[in-house]
Amino acid sequence: MADGSPHFRPWTPARRTRPLGLLPFLWVSWRDPLTMWSERHFREPQLYGNSRLGEILVVSHPEGVRQVLSSNAANYEKGALQRRVLGPMLAEGLLLTEGEAWRRVRRILAPLFTPARTATMTRPMADCSRRRVESWRLDLGPRVLNLDAEMSGLTFDILSAALFSDQLDGDAEGFERALNGFLSLAARIDPLDVLAAPDWIPRLGRVTGAGAGRFFESRVSALVARRRAQVEAGDVVADDLLTALLTARDEDDGEGLSDREVASNVLTFILAGHETTARTLGWVLHLISRTPEVAARLHQEADAFDAEAPDWADRLPWTRAVIEEAMRLFPPAPTLARRALGPDVVGGQAIGPGTAVLISPWVLHRHELLWDAPEEFRPERFLPENRKSVDRWAYIPFSAGPRVCIGAAFALNEAMIALATILKAATVEPIAPTEPRPIHQITLRSAQPIRLRLRQRQPLNPHP
Ligand code: HEM
């Protein structure tokens with residue numbers, strides 16, 4: 001809370017007074033791209049530059065965002081940088097494919113994420129959340145928890161239930177360790193990648209993260225092969241996302257996905273779906289630990305939460321609004337990068353083929369031309385009665401247009417259920433005045449784990 005405003009204003013890194021030169025830019029991209037933004041990025045609708053790195057356009061106005069992500073999306077691809085950073089493991093997954101290959105996989109996967117299919121996950125989401133809260137044993141007294149680790153564990157349990165019906169053979173922890181190793185080492189933006197240096201030059205993170213990558217690939221490939229054999233033998237198999245991936249067919253030509261494509265998409269769902277939702281929950285818990293009046297509203301909703309009620313989601317308007325506001329202030333995917341395939345004019349600026357176009361939810365969601373008090377935590381913005389005044393193209397935590405996040409509804413349901421379950425059982429309090437500091441490492445994480453004190457409110461009722 002600052003300047004007499006009653007609203008909480010979370011800590012954010014200082015903005016640069018001037019945009020960076022080339023070498024400092026490369027260093028900052030490696031260390032933390034969040035600190036590369038300058039004051040001008042948050043004040044001006046777009047910024048264009050032409051340097052030894054090529055043309056770069058940063059777009060932060062709704063009309064430009066709509067053009068690049070939707071109305072002229074065909075003119076933009078994700079570009080080599082993302083494939084280089086994430087590519088080796090995820091090359092054939094939905095997140096990284098392009099053109100006709102992407103359209104085919106998206107057509108095949110769309111039925112797996114319909115509202116009806118997502119609704120079947122409500123019960124497993126609630127069960128995993130309840131088990132996680134019970135494991136904290138708050139009945140024995142208040143506890144300080146590393147909520148980043150706990151939320152990663154929880155969203156991993158949920159994804160593992162959705163994908164494999166919990167058939168990770170008791171090695172969920174090893175799996176998760178490998179995932180974290182990959183994220184913290186392999187997946188930083190390497191200056192060599194920004195300069196598009198040839199692939200044979202070893203990248204520090206890539207080398208140190210290779211073990212984690214191999215572990216992942218071999219585990220997932222084994223799971224896929226085993227389930228494929230069961231499906232082909234006509235065995236009774238679990239009704240989960242893995243079976244759905246193996247049996248889904250393209251409505252155009254009746255073809256399904258190869259084992260490699262299935263494995264690549266399983267890895268994509270884990271990487272795209274687990275970390276993002278966990279980070280969202282971590283930031284939400286931090287924000288409500290600092291705002292007791294908002295926490296009180298969420299506790300009230302949580303007390304009445306019943307995952308069995310068909311309209312459970314409609315009964316959590318504040319819970320949903322807090323999650324949406326947390327993703328405004330701390331968007332889990334802080335920057336979307338595109339490369340122009342052909343010439344275009346964006347916001348009056350002519351750009352050529354090959355131009356890097358950056359749309360940063362971090363900048364857009366805090367842009368001074370687009371939001372009242374952009375730095376303040378004001379969940380009311382997202383209550384049903386105010387939601388329509390939020391511009392569709394100014395708020396894009398899940399991106400927008402044809403490549404919008406396929407798991408957005410899954411993620412929102414998951415976050416609401418997890419939060420309501422946690423807050424039904426516990427209150428959350430900060431343990432120190434120092435706030436967690438956001439850092440951009442593919443997702444928007446906290447530089448130090450978010451640690452909070454949880455105190456029991458009431459024991460959770462087990463399901464009948
Ligand atoms: C709070 C949670 C989540 C956030 C903030 C989020 C955000 C995003 C964003 C911004 C994109 C677009 C990336 C780009 O265009 O460069 C995306 C794509 C994607 N997300 Fe999510 N995501 C979340 C959860 C999930 C979940 C739970 C799943 C799956 C179970 C998932 C699967 C995917 C996939 C497969 C894509 C690629 C879609 C395509 O290119 O067609 N995400 N997500």
# chains A, B, ... in the order shown; residues from 1 in each chain; ligands from 1
>>> residues_around(residues="Pro317 (chain A)", least_positions_apart="5", cutoff="12 Å", atoms="only C-alpha atoms", output="PyMOL selection string")
chain A and resi 297-298+300-302+305+311-312+322-324+379-387+416+420
>>> write_last_selection(atoms="N, CA and C atoms", output="compact mmCIF listing (two decimals), in the first residue's frame")
# COMPACT_ATOMS: atom_id res chain seq x y z
N ARG A 297 -12.94 -12.48 2.03
CA ARG A 297 -13.96 -12.80 1.01
C ARG A 297 -13.74 -14.20 0.44
N LEU A 298 -12.47 -14.54 0.24
CA LEU A 298 -12.17 -15.87 -0.32
C LEU A 298 -12.48 -16.98 0.69
N GLN A 300 -14.81 -16.87 2.85
CA GLN A 300 -16.28 -17.00 2.85
C GLN A 300 -16.74 -17.89 1.69
N GLU A 301 -16.19 -17.64 0.50
CA GLU A 301 -16.56 -18.46 -0.65
C GLU A 301 -16.09 -19.91 -0.45
N ALA A 302 -14.89 -20.05 0.10
CA ALA A 302 -14.32 -21.39 0.28
C ALA A 302 -15.17 -22.22 1.23
N PHE A 305 -17.78 -23.86 -0.59
CA PHE A 305 -17.35 -24.57 -1.81
C PHE A 305 -17.67 -26.06 -1.73
N ASP A 311 -22.85 -26.10 -10.26
CA ASP A 311 -22.52 -24.69 -10.52
C ASP A 311 -21.42 -24.19 -9.57
N TRP A 312 -20.53 -25.09 -9.14
CA TRP A 312 -19.52 -24.70 -8.15
C TRP A 312 -18.72 -23.48 -8.60
N VAL A 322 -9.61 -13.00 -8.11
CA VAL A 322 -8.27 -12.89 -7.52
C VAL A 322 -7.26 -13.63 -8.40
N ILE A 323 -7.65 -14.78 -8.91
CA ILE A 323 -6.74 -15.54 -9.80
C ILE A 323 -6.46 -14.72 -11.06
N GLU A 324 -7.51 -14.12 -11.62
CA GLU A 324 -7.31 -13.35 -12.86
C GLU A 324 -6.44 -12.11 -12.60
N PRO A 379 -8.56 -6.92 -7.30
CA PRO A 379 -9.30 -8.03 -7.93
C PRO A 379 -10.70 -7.63 -8.42
N GLU A 380 -11.26 -6.54 -7.86
CA GLU A 380 -12.61 -6.12 -8.29
C GLU A 380 -12.70 -5.94 -9.80
N ARG A 381 -11.58 -5.62 -10.44
CA ARG A 381 -11.60 -5.43 -11.91
C ARG A 381 -12.20 -6.63 -12.62
N PHE A 382 -12.04 -7.81 -12.00
CA PHE A 382 -12.43 -9.04 -12.69
C PHE A 382 -13.71 -9.65 -12.12
N LEU A 383 -14.43 -8.91 -11.27
CA LEU A 383 -15.72 -9.42 -10.80
C LEU A 383 -16.69 -9.40 -11.98
N PRO A 384 -17.69 -10.29 -12.00
CA PRO A 384 -18.57 -10.40 -13.18
C PRO A 384 -19.10 -9.04 -13.65
N GLU A 385 -19.46 -8.15 -12.70
CA GLU A 385 -20.08 -6.88 -13.11
C GLU A 385 -19.07 -5.93 -13.78
N ASN A 386 -17.76 -6.13 -13.56
CA ASN A 386 -16.75 -5.24 -14.15
C ASN A 386 -15.98 -5.89 -15.29
N ARG A 387 -16.08 -7.20 -15.40
CA ARG A 387 -15.21 -7.98 -16.30
C ARG A 387 -15.29 -7.48 -17.74
N MET A 416 -9.00 -22.54 -9.27
CA MET A 416 -10.12 -22.20 -8.37
C MET A 416 -10.34 -23.31 -7.33
N ALA A 420 -9.79 -22.78 -3.36
CA ALA A 420 -10.93 -22.92 -2.45
C ALA A 420 -10.64 -24.02 -1.42
>>> residues_near_ligand(ligand="ligand 1", cutoff="6 Å", atoms="only C-alpha atoms and all ligand atoms", output="JSON, numbers by chain")
{"A": [94, 95, 106, 268, 269, 272, 273, 276, 277, 280, 332, 333, 336, 397, 398, 399, 403, 404, 405, 406, 407, 408, 410, 411]}
>>> closest_residue(among="A:Met327, A:Ala101, A:Ala110, A:Leu23", to="Trp362 (chain A)", atoms="only C-alpha atoms")
A:Met327
>>> residues_around(residues="Pro115 (chain A)", least_positions_apart="4", cutoff="10 Å", atoms="only C-alpha atoms", output="PyMOL selection string")
chain A and resi 111+119-120+409-410
>>> closest_residue(among="A:Ser60, A:Ser135, A:Ser70, A:Thr35", to="Ala400 (chain A)", atoms="only C-alpha atoms")
A:Ser70
>>> closest_residue(among="A:Val68, A:Leu22, A:Leu34, A:Ile270", to="Arg52 (chain A)", atoms="only C-alpha atoms")
A:Leu22
>>> closest_residue(among="A:Ala225, A:Ile396, A:Ala263, A:Val220", to="Ile359 (chain A)", atoms="only C-alpha atoms")
A:Ile396
>>> residues_around(residues="Gly64 (chain A)", least_positions_apart="3", cutoff="10 Å", atoms="only C-alpha atoms", output="list of chain:residue names")
A:Pro45, A:Gln46, A:Val58, A:Val59, A:Ser60, A:His61, A:Gln67, A:Val68, A:Leu69, A:Ser70, A:Ser71, A:Asn72, A:Val345, A:Val346, A:Gly347, A:Gly348, A:Ile359, A:Trp393
>>> select_by_dssp(residues="region 223-402 of chain A", states="strand (DSSP E)", output="count of residues only")
15
>>> residues_around(residues="Ala296 (chain A)", least_positions_apart="5", cutoff="12 Å", atoms="only C-alpha atoms", output="list in words")
Ile288, Ser289, Arg290, Thr291, Glu301, Ala302, Asp303, Trp318, Thr319, Leu423, Lys424, Ala426, Thr427 and Val428 of chain A
>>> select_by_dssp(residues="region 105-169 of chain A", states="alpha helix (DSSP H)", output="ChimeraX atom specification")
/A:105-109,115-119,122-135,147-164
>>> residues_around(residues="Ile158 (chain A)", least_positions_apart="6", cutoff="8 Å", atoms="only C-alpha atoms", output="list of chain:residue names")
A:Pro124, A:Met125, A:Cys128
>>> write_last_selection(atoms="C-alpha atoms", output="PDB file, in the first residue's frame")
ATOM      1  CA  PRO A 124      -9.696 -35.558  -9.356  1.00  0.00           C
ATOM      2  CA  MET A 125      -8.677 -31.889  -9.006  1.00  0.00           C
ATOM      3  CA  CYS A 128      -5.589 -34.080  -5.226  1.00  0.00           C
TER       4      CYS A 128
END
>>> atom_distance(atom1="CA of Leu267 (chain A)", atom2="CA of Lys78 (chain A)")
18.5 Å
>>> residues_around(residues="region 142-150 of chain A", least_positions_apart="4", cutoff="9 Å", atoms="only C-alpha atoms", output="PyMOL selection string")
chain A and resi 132+136-138+154-155+278-279+281-283+285+431+445-446+449-456
>>> closest_residue(among="A:Arg338, A:Arg392, A:His367, A:His440", to="Ala73 (chain A)", atoms="only C-alpha atoms")
A:Arg338
>>> closest_residue(among="A:Thr443, A:Ser152, A:Thr122, A:Ser5", to="Glu376 (chain A)", atoms="only C-alpha atoms")
A:Ser5
